[in-house]
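Q: target.txt is reproduced in full below (compact mmCIF, C-alpha atoms).
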# COMPACT_ATOMS: atom_id res chain seq x y z
CA ASP A 1 101.68 85.31 81.02
CA ILE A 2 99.17 88.05 80.06
CA GLY A 3 98.02 89.95 83.12
CA SER A 4 95.93 92.68 81.54
CA VAL A 5 94.35 93.44 78.17
CA GLN A 6 93.35 96.95 77.15
CA ALA A 7 90.79 97.76 74.49
CA LEU A 8 91.62 100.41 71.91
CA VAL A 9 89.85 103.50 73.22
CA ARG A 10 88.38 106.20 70.99
CA TYR A 11 86.62 109.45 71.81
CA TRP A 12 82.90 109.09 72.52
CA HIS A 13 81.85 112.22 70.64
CA GLN A 14 84.62 111.97 68.02
CA PRO A 15 85.06 108.25 67.32
CA GLU A 16 87.31 109.06 64.38
CA LEU A 17 89.92 110.12 66.96
CA THR A 18 91.95 107.84 69.21
CA ASN A 19 92.00 108.45 72.95
CA VAL A 20 94.45 105.76 74.10
CA THR A 21 96.14 102.70 72.62
CA GLY A 22 98.06 101.97 75.80
CA GLY A 23 99.60 103.61 78.81
CA VAL A 24 103.13 104.99 78.47
CA VAL A 25 105.51 105.28 81.42
CA HIS A 26 107.95 108.18 81.33
CA VAL A 27 111.33 107.89 83.06
CA ALA A 28 110.24 110.57 85.54
CA GLY A 29 107.23 108.53 86.66
CA TYR A 30 104.60 110.21 84.52
CA GLY A 31 102.00 108.11 82.76
CA TYR A 32 100.15 109.21 79.65
CA ALA A 33 97.80 108.00 76.93
CA ARG A 34 99.58 106.80 73.81
CA ASP A 35 98.25 108.12 70.48
CA ASN A 36 95.84 110.54 72.17
CA GLY A 37 94.17 112.76 69.56
CA ARG A 38 95.49 110.82 66.56
CA ALA A 39 93.10 109.87 63.77
CA TYR A 40 91.92 106.30 64.25
CA GLU A 41 93.11 103.89 61.56
CA GLN A 42 92.56 100.17 61.40
CA GLY A 43 95.90 98.49 62.00
CA MET A 44 97.47 101.57 63.59
CA ARG A 45 98.83 99.30 66.33
CA ALA A 46 99.68 95.61 66.27
CA GLU A 47 97.39 93.08 67.94
CA ALA A 48 98.72 92.08 71.39
CA ASP A 49 101.18 95.00 71.29
CA GLU A 50 102.94 94.96 74.66
CA LEU A 51 102.24 97.96 76.89
CA ALA A 52 103.97 99.50 79.88
CA TYR A 53 100.51 99.50 81.47
CA GLY A 54 96.92 99.28 80.37
CA SER A 55 94.71 102.33 80.70
CA GLY A 56 92.03 101.93 83.35
CA ALA A 57 89.53 103.44 80.90
CA ALA A 58 88.87 99.99 79.34
CA LEU A 59 90.86 97.19 80.91
CA LEU A 60 90.40 93.44 81.37
CA LEU A 61 92.44 91.90 84.20
CA ARG A 62 93.27 88.24 84.74
CA SER A 63 91.80 87.16 88.08
CA SER A 64 94.68 84.80 88.89
CA ALA A 65 97.14 87.66 88.31
CA LEU A 66 95.18 89.92 90.66
CA ARG A 67 95.15 87.23 93.31
CA LYS A 68 98.93 87.13 93.06
CA VAL A 69 99.78 90.84 92.87
CA GLY A 70 96.79 92.43 94.61
CA MET A 71 94.18 94.96 93.58
CA LEU A 72 94.48 98.68 92.84
CA GLU A 73 96.62 100.50 95.39
CA GLU A 74 94.24 101.70 98.10
CA GLY A 75 96.81 104.19 99.36
CA PHE A 76 96.43 106.30 96.21
CA PHE A 77 93.71 108.93 96.45
CA MET A 78 93.38 109.46 92.69
CA TYR A 79 95.47 109.15 89.50
CA HIS A 80 98.32 106.73 88.79
CA GLU A 81 96.41 103.67 90.08
CA ASP A 82 96.35 101.97 86.67
CA LEU A 83 100.00 102.84 86.03
CA GLU A 84 101.09 101.40 89.38
CA LEU A 85 99.08 98.20 88.90
CA GLY A 86 100.51 97.77 85.40
CA MET A 87 104.04 98.17 86.74
CA ARG A 88 103.30 95.66 89.49
CA LEU A 89 102.04 93.14 86.96
CA ARG A 90 105.16 93.58 84.85
CA TYR A 91 107.43 93.15 87.87
CA ALA A 92 105.61 89.90 88.65
CA GLY A 93 106.32 88.61 85.14
CA TYR A 94 102.98 89.36 83.47
CA ARG A 95 102.48 91.25 80.23
CA ASN A 96 100.06 94.10 79.57
CA VAL A 97 98.80 93.99 75.98
CA LEU A 98 96.47 95.78 73.56
CA ALA A 99 93.42 94.18 71.93
CA THR A 100 92.96 96.14 68.71
CA LYS A 101 89.64 94.48 67.83
CA ALA A 102 88.05 95.50 71.13
CA PHE A 103 86.89 99.10 71.37
CA GLY A 104 86.03 101.40 74.21
CA PHE A 105 84.53 104.86 73.76
CA HIS A 106 85.56 107.43 76.33
CA ASP A 107 83.77 110.71 77.09
CA TYR A 108 87.13 112.29 77.85
CA HIS A 109 87.94 115.95 78.38
CA PHE A 110 91.42 117.05 79.35
CA SER A 111 91.38 118.86 82.68
CA ARG A 112 93.83 121.45 83.92
CA ASN A 113 92.50 121.13 87.45
CA PRO A 114 95.41 122.01 89.77
CA LYS A 115 94.50 119.11 92.05
CA MET A 116 95.11 116.70 89.18
CA PHE A 117 98.61 118.09 88.67
CA ALA A 118 99.19 117.96 92.43
CA TRP A 119 98.36 114.27 92.83
CA ILE A 120 100.28 113.30 89.69
CA GLU A 121 103.37 115.18 90.89
CA CYS A 122 103.18 113.46 94.27
CA TYR A 123 102.53 109.94 93.04
CA ARG A 124 105.07 109.93 90.24
CA TRP A 125 107.80 110.19 92.88
CA VAL A 126 106.12 107.53 95.00
CA VAL A 127 106.11 105.15 92.04
CA MET A 128 109.73 105.81 91.07
CA LEU A 129 111.05 105.35 94.60
CA ALA A 130 108.90 102.26 95.14
CA TYR A 131 109.92 100.44 91.95
CA TYR A 132 113.32 101.52 90.65
CA ARG A 133 116.35 99.84 92.16
CA VAL A 134 118.69 102.10 94.11
CA ARG A 135 121.36 101.82 91.40
CA THR A 136 118.82 102.88 88.79
CA LEU A 137 117.75 105.86 90.87
CA MET A 138 121.37 106.93 91.38
CA LEU A 139 122.13 106.58 87.67
CA PHE A 140 119.19 108.71 86.60
CA LEU A 141 119.22 111.11 89.57
CA PRO A 142 120.78 114.05 87.66
CA LEU A 143 118.18 113.66 84.89
CA LEU A 144 115.31 113.28 87.37
CA LEU A 145 116.41 116.40 89.27
CA ALA A 146 116.68 118.36 86.02
CA ILE A 147 113.14 117.27 85.11
CA GLU A 148 111.98 118.25 88.60
CA LEU A 149 113.39 121.75 88.13
CA GLY A 150 111.61 121.89 84.80
CA THR A 151 108.29 120.99 86.40
CA TRP A 152 108.69 123.85 88.88
CA PHE A 153 109.25 126.22 85.96
CA MET A 154 106.21 124.86 84.10
CA ALA A 155 104.11 125.04 87.27
CA PHE A 156 105.01 128.70 87.69
CA ARG A 157 104.44 129.43 84.00
CA GLY A 158 101.18 127.48 83.90
CA GLY A 159 99.67 128.97 87.04
CA TRP A 160 99.65 125.80 89.15
CA ILE A 161 102.63 126.57 91.37
CA GLY A 162 100.37 126.25 94.43
CA ALA A 163 99.51 122.69 93.42
CA LYS A 164 103.20 121.88 93.02
CA VAL A 165 103.98 123.19 96.50
CA TRP A 166 101.04 121.20 97.89
CA ALA A 167 102.32 118.05 96.14
CA LEU A 168 105.73 118.47 97.76
CA GLY A 169 104.10 118.85 101.17
CA GLU A 170 101.97 115.75 100.62
CA TRP A 171 104.98 113.74 99.46
CA LEU A 172 106.95 114.70 102.57
CA LYS A 173 104.24 113.46 104.96
CA PRO A 174 105.11 110.34 107.00
CA ARG A 175 102.03 108.51 105.69
CA THR A 176 103.28 108.92 102.11
CA TRP A 177 106.67 107.49 103.02
CA ARG A 178 105.06 104.59 104.87
CA LEU A 179 103.02 103.88 101.74
CA MET A 180 106.10 104.15 99.54
CA PHE A 181 108.14 101.71 101.63
CA ALA A 182 105.22 99.27 101.82
CA MET A 183 104.89 99.38 98.04
CA ARG A 184 108.64 98.88 97.67
CA ARG A 185 108.61 95.80 99.90
CA ARG A 186 105.70 94.38 97.91
CA ALA A 187 107.44 95.09 94.59
CA GLN A 188 110.63 93.37 95.72
CA THR A 189 108.64 90.33 96.83
CA LEU A 190 106.88 90.09 93.46
CA ARG A 191 109.85 91.01 91.27
CA VAL A 192 110.98 88.45 88.70
CA ILE A 193 112.43 90.90 86.13
CA ASP A 194 115.40 93.26 86.25
CA ASP A 195 115.22 97.01 85.82
CA ALA A 196 116.92 96.53 82.43
CA ASP A 197 113.89 94.55 81.26
CA PHE A 198 111.41 96.95 82.81
CA LEU A 199 113.07 100.00 81.23
CA LYS A 200 112.60 98.57 77.73
CA LEU A 201 109.03 99.93 77.79
CA VAL A 202 109.89 103.21 79.53
CA VAL A 203 110.35 106.35 77.42
CA GLY A 204 112.00 109.75 77.65
CA ARG A 205 109.37 111.65 75.65
CA ILE A 206 105.87 112.99 76.29
CA GLU A 207 103.82 113.05 73.09
CA ASN A 208 100.24 113.60 71.88
CA GLN A 209 99.20 115.41 75.05
CA GLN A 210 97.61 118.81 75.61
CA VAL A 211 100.86 120.51 76.54
CA ASP A 212 102.89 123.35 75.03
CA ASN A 213 104.43 121.77 71.92
CA ARG A 214 107.05 124.50 71.69
CA ILE A 215 108.48 123.40 75.02
CA MET A 216 108.20 119.72 74.14
CA GLU A 217 110.10 120.29 70.89
CA VAL A 218 113.11 121.27 72.99
CA VAL A 219 112.62 119.12 76.08
CA ASN A 220 111.69 115.80 74.45
CA PRO A 221 114.87 115.23 72.39
CA THR A 222 117.09 116.30 75.31
CA ILE A 223 115.48 114.04 77.91
CA ASP A 224 115.10 111.19 75.44
CA ALA A 225 118.79 111.27 74.50
CA ALA A 226 119.90 111.39 78.14
CA PHE A 227 117.57 108.55 79.10
CA ALA A 228 118.60 106.39 76.14
CA SER A 229 122.26 106.84 77.05
CA GLY A 230 121.64 105.93 80.68
CA ARG A 231 119.46 102.95 79.86
CA LYS A 232 122.34 101.34 77.95
CA LEU A 233 124.31 101.24 81.22
CA VAL A 234 121.63 99.37 83.18
CA ARG A 235 122.68 95.73 83.48
CA TRP A 236 120.73 94.94 86.64
Give the structure from the file, written as structure tokens.
A:
Amino acid sequence: DIGSVQALVRYWHQPELTNVTGGVVHVAGYGYARDNGRAYEQGMRAEADELAYGSGAALLLRSSALRKVGMLEEGFFMYHEDLELGMRLRYAGYRNVLATKAFGFHDYHFSRNPKMFAWIECYRWVVMLAYYRVRTLMLFLPLLLAIELGTWFMAFRGGWIGAKVWALGEWLKPRTWRLMFAMRRRAQTLRVIDDADFLKLVVGRIENQQVDNRIMEVVNPTIDAAFASGRKLVRW
């Protein structure tokens, strides 16, 4: 039932540092690299640790699983492709796992390119609306809208408000909605797990990323507590 296996990825020029031990899915549709920037230690993660999704930086995919669920989403221009494929695999009953004895070395540099923020902001909503059940969306809607307001504040504060406006415009285009509905139909066809099972590997925190830690110190506990409370109510 393993659909993908990710190697433990370290920094190319600083191999003593970890780049990613697995992809993390945030309740608001963000995906990020777990353990990014942490000192590498043997045994820091368990072998075959189950992941929300495997990072595309170093990923082995089972061919039979791909024949069943399809390849990377061609409708995505950039970013979120590995997250979406990992979610699709999980919905189809496959597991994404970590191989701690396999290593990848990534020449990675965090970018604050506004276009990156723009595509991520657009596609996180596409993914949420394509995969979450309507009841799940309604349950978490107040939290998701609060997070959305927060992203507008951070976009203004961080100087990428133009990218945020562009992302909204791109998300509102008919082609984006056609893509979203097509993805939703595909997900429902493949689905063998409930949202309650899927949400077990979803989090309410963003950690070990190049973001303002002062903001995260306030935001993370608040969102995490709200998400944890809501997740207990999901029985579908």
Q: Choose the residue, out of A:Ala130, A:Leu137, A:Glu50, A:Leu17, that has the smallest atom-to-atom separation from Asp35 in chain A; count all atoms listed in the file.
A: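 Among the listed residues, the smallest separation from Asp35 in chain A belongs to A:Leu17.
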Q: Could you jot down the CA of Leu199 in chain A to CA of Thr222 in chain A separation for me, Å, one decimal place?
A: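 Separation of CA of Leu199 in chain A and CA of Thr222 in chain A: 17.8 Å.
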Q: For Ala196 in chain A, which of A:Ala28, A:Ile215, A:Ala228, A:Leu144 is the closest residue, counting only C-alpha atoms?
A: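 That would be A:Ala228, the residue with the smallest distance to Ala196 in chain A.
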Q: Quick one: everything within 12 Å of Met154 in chain A, counting only C-alpha atoms, minus sequence neighbours fewer than 3 positions away in the same chain. Send it as a PyMOL selection string.
A: chain A and resi 117+147-151+157-164+211-212+215-216+219
Q: Keeping only C-alpha atoms, take the residues you just selected and write them out as a PDB file, keeping the file's coordinate frame.
A:
ATOM      1  CA  PHE A 117      98.610 118.090  88.670  1.00  0.00           C
ATOM      2  CA  ILE A 147     113.140 117.270  85.110  1.00  0.00           C
ATOM      3  CA  GLU A 148     111.980 118.250  88.600  1.00  0.00           C
ATOM      4  CA  LEU A 149     113.390 121.750  88.130  1.00  0.00           C
ATOM      5  CA  GLY A 150     111.610 121.890  84.800  1.00  0.00           C
ATOM      6  CA  THR A 151     108.290 120.990  86.400  1.00  0.00           C
ATOM      7  CA  ARG A 157     104.440 129.430  84.000  1.00  0.00           C
ATOM      8  CA  GLY A 158     101.180 127.480  83.900  1.00  0.00           C
ATOM      9  CA  GLY A 159      99.670 128.970  87.040  1.00  0.00           C
ATOM     10  CA  TRP A 160      99.650 125.800  89.150  1.00  0.00           C
ATOM     11  CA  ILE A 161     102.630 126.570  91.370  1.00  0.00           C
ATOM     12  CA  GLY A 162     100.370 126.250  94.430  1.00  0.00           C
ATOM     13  CA  ALA A 163      99.510 122.690  93.420  1.00  0.00           C
ATOM     14  CA  LYS A 164     103.200 121.880  93.020  1.00  0.00           C
ATOM     15  CA  VAL A 211     100.860 120.510  76.540  1.00  0.00           C
ATOM     16  CA  ASP A 212     102.890 123.350  75.030  1.00  0.00           C
ATOM     17  CA  ILE A 215     108.480 123.400  75.020  1.00  0.00           C
ATOM     18  CA  MET A 216     108.200 119.720  74.140  1.00  0.00           C
ATOM     19  CA  VAL A 219     112.620 119.120  76.080  1.00  0.00           C
TER      20      VAL A 219
END
Q: Nearest to Glu81 in chain A among A:Arg235, A:Arg124, A:Ala146, A:Val218, with distances taken over only C-alpha atoms: which residue is it?
A: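 Among the listed residues, A:Arg124 lies closest to Glu81 in chain A.
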Q: Which neighbours of Glu74 in chain A fall inside 12 Å, counting only C-alpha atoms, when residues of the same chain fewer than 3 positions from it are skipped, and could you give them as a list of chain:residue names?
A: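 Listed by chain and then number, they are A:Gly70, A:Met71, A:Phe77, A:Met78, A:Tyr79, A:His80, A:Glu81, A:Asp82, A:Glu84, A:Leu85, A:Leu179, A:Ala182, A:Met183.
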Q: Between A:Leu72, A:Leu139, A:Val25, A:Ala39, which one has atoms that come closest to Tyr53 in chain A, using all atoms listed in the file?
A: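 Of all the options, A:Val25 lies closest to Tyr53 in chain A.
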Q: By how many Å are CA of Val20 in chain A and CA of Ser229 in chain A apart?
A: 28.0 Å
Q: Give me, please, the distance in Å between CA of Val165 in chain A and CA of Gly86 in chain A, quoted to one decimal.
A: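 Between these atoms lies a distance of 28.0 Å.
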Q: Could you check the closest approach to Tyr131 in chain A for each of A:Glu41, A:Glu217, A:Asp195, A:Glu170 and tell me which residue wins, using all atoms listed in the file?
A: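 Looking only at the distances to Tyr131 in chain A, the closest residue turns out to be A:Asp195.
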Q: Go ahead and find all residues with at least one atom no further than 12 Å from (94.2, 91.7, 80.6) in the file's coordinates, using only C-alpha atoms; report them as a VMD selection string.
A: chain A and resid 1 to 7 22 48 50 to 51 53 to 56 58 to 66 85 to 86 89 to 90 94 to 99 102
Q: Next, dump the selected residues to file, keeping only C-alpha atoms, as an mmCIF file, in the coordinates of the input.
A:
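Output file again.cif follows:
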data_model
loop_
_atom_site.group_PDB
_atom_site.id
_atom_site.type_symbol
_atom_site.label_atom_id
_atom_site.label_comp_id
_atom_site.auth_asym_id
_atom_site.auth_seq_id
_atom_site.Cartn_x
_atom_site.Cartn_y
_atom_site.Cartn_z
ATOM 1 C CA ASP A 1 101.680 85.310 81.020
ATOM 2 C CA ILE A 2 99.170 88.050 80.060
ATOM 3 C CA GLY A 3 98.020 89.950 83.120
ATOM 4 C CA SER A 4 95.930 92.680 81.540
ATOM 5 C CA VAL A 5 94.350 93.440 78.170
ATOM 6 C CA GLN A 6 93.350 96.950 77.150
ATOM 7 C CA ALA A 7 90.790 97.760 74.490
ATOM 8 C CA GLY A 22 98.060 101.970 75.800
ATOM 9 C CA ALA A 48 98.720 92.080 71.390
ATOM 10 C CA GLU A 50 102.940 94.960 74.660
ATOM 11 C CA LEU A 51 102.240 97.960 76.890
ATOM 12 C CA TYR A 53 100.510 99.500 81.470
ATOM 13 C CA GLY A 54 96.920 99.280 80.370
ATOM 14 C CA SER A 55 94.710 102.330 80.700
ATOM 15 C CA GLY A 56 92.030 101.930 83.350
ATOM 16 C CA ALA A 58 88.870 99.990 79.340
ATOM 17 C CA LEU A 59 90.860 97.190 80.910
ATOM 18 C CA LEU A 60 90.400 93.440 81.370
ATOM 19 C CA LEU A 61 92.440 91.900 84.200
ATOM 20 C CA ARG A 62 93.270 88.240 84.740
ATOM 21 C CA SER A 63 91.800 87.160 88.080
ATOM 22 C CA SER A 64 94.680 84.800 88.890
ATOM 23 C CA ALA A 65 97.140 87.660 88.310
ATOM 24 C CA LEU A 66 95.180 89.920 90.660
ATOM 25 C CA LEU A 85 99.080 98.200 88.900
ATOM 26 C CA GLY A 86 100.510 97.770 85.400
ATOM 27 C CA LEU A 89 102.040 93.140 86.960
ATOM 28 C CA ARG A 90 105.160 93.580 84.850
ATOM 29 C CA TYR A 94 102.980 89.360 83.470
ATOM 30 C CA ARG A 95 102.480 91.250 80.230
ATOM 31 C CA ASN A 96 100.060 94.100 79.570
ATOM 32 C CA VAL A 97 98.800 93.990 75.980
ATOM 33 C CA LEU A 98 96.470 95.780 73.560
ATOM 34 C CA ALA A 99 93.420 94.180 71.930
ATOM 35 C CA ALA A 102 88.050 95.500 71.130
#
Q: What box, with edges along x, y and z, holds each listed atom of range 7-26 of chain A when 3 Å is added on every side, and can you state its centre and edge lengths in Å to one decimal, as lines of an AutoDock Vina configuration file?
A:
center_x = 94.9
center_y = 105.0
center_z = 72.9
size_x = 32.1
size_y = 20.5
size_z = 23.0
Q: Got a sec: who's within 9 Å of Ala33 in chain A, counting only C-alpha atoms, leaving out chain neighbours fewer than 4 positions off, as a list in words?
A: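 Here the answer would be Asn19, Val20, Thr21, Gly22, Gly23, Val24, Ser55, Glu207, Asn208 and Gln209 of chain A.
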Q: Tell me which of A:Tyr30, A:Phe105, A:Phe156, A:Tyr40 sits closest to Thr18 in chain A, counting all atoms listed in the file.
A: A:Tyr40
Q: Go ahead and find all residues with at least one atom no further than 8 Å from (98.0, 103.5, 101.5) in the file's coordinates, using only C-alpha atoms; report them as an NGL selection string.
A: :A and (73-76 or 175-176 or 178-179)
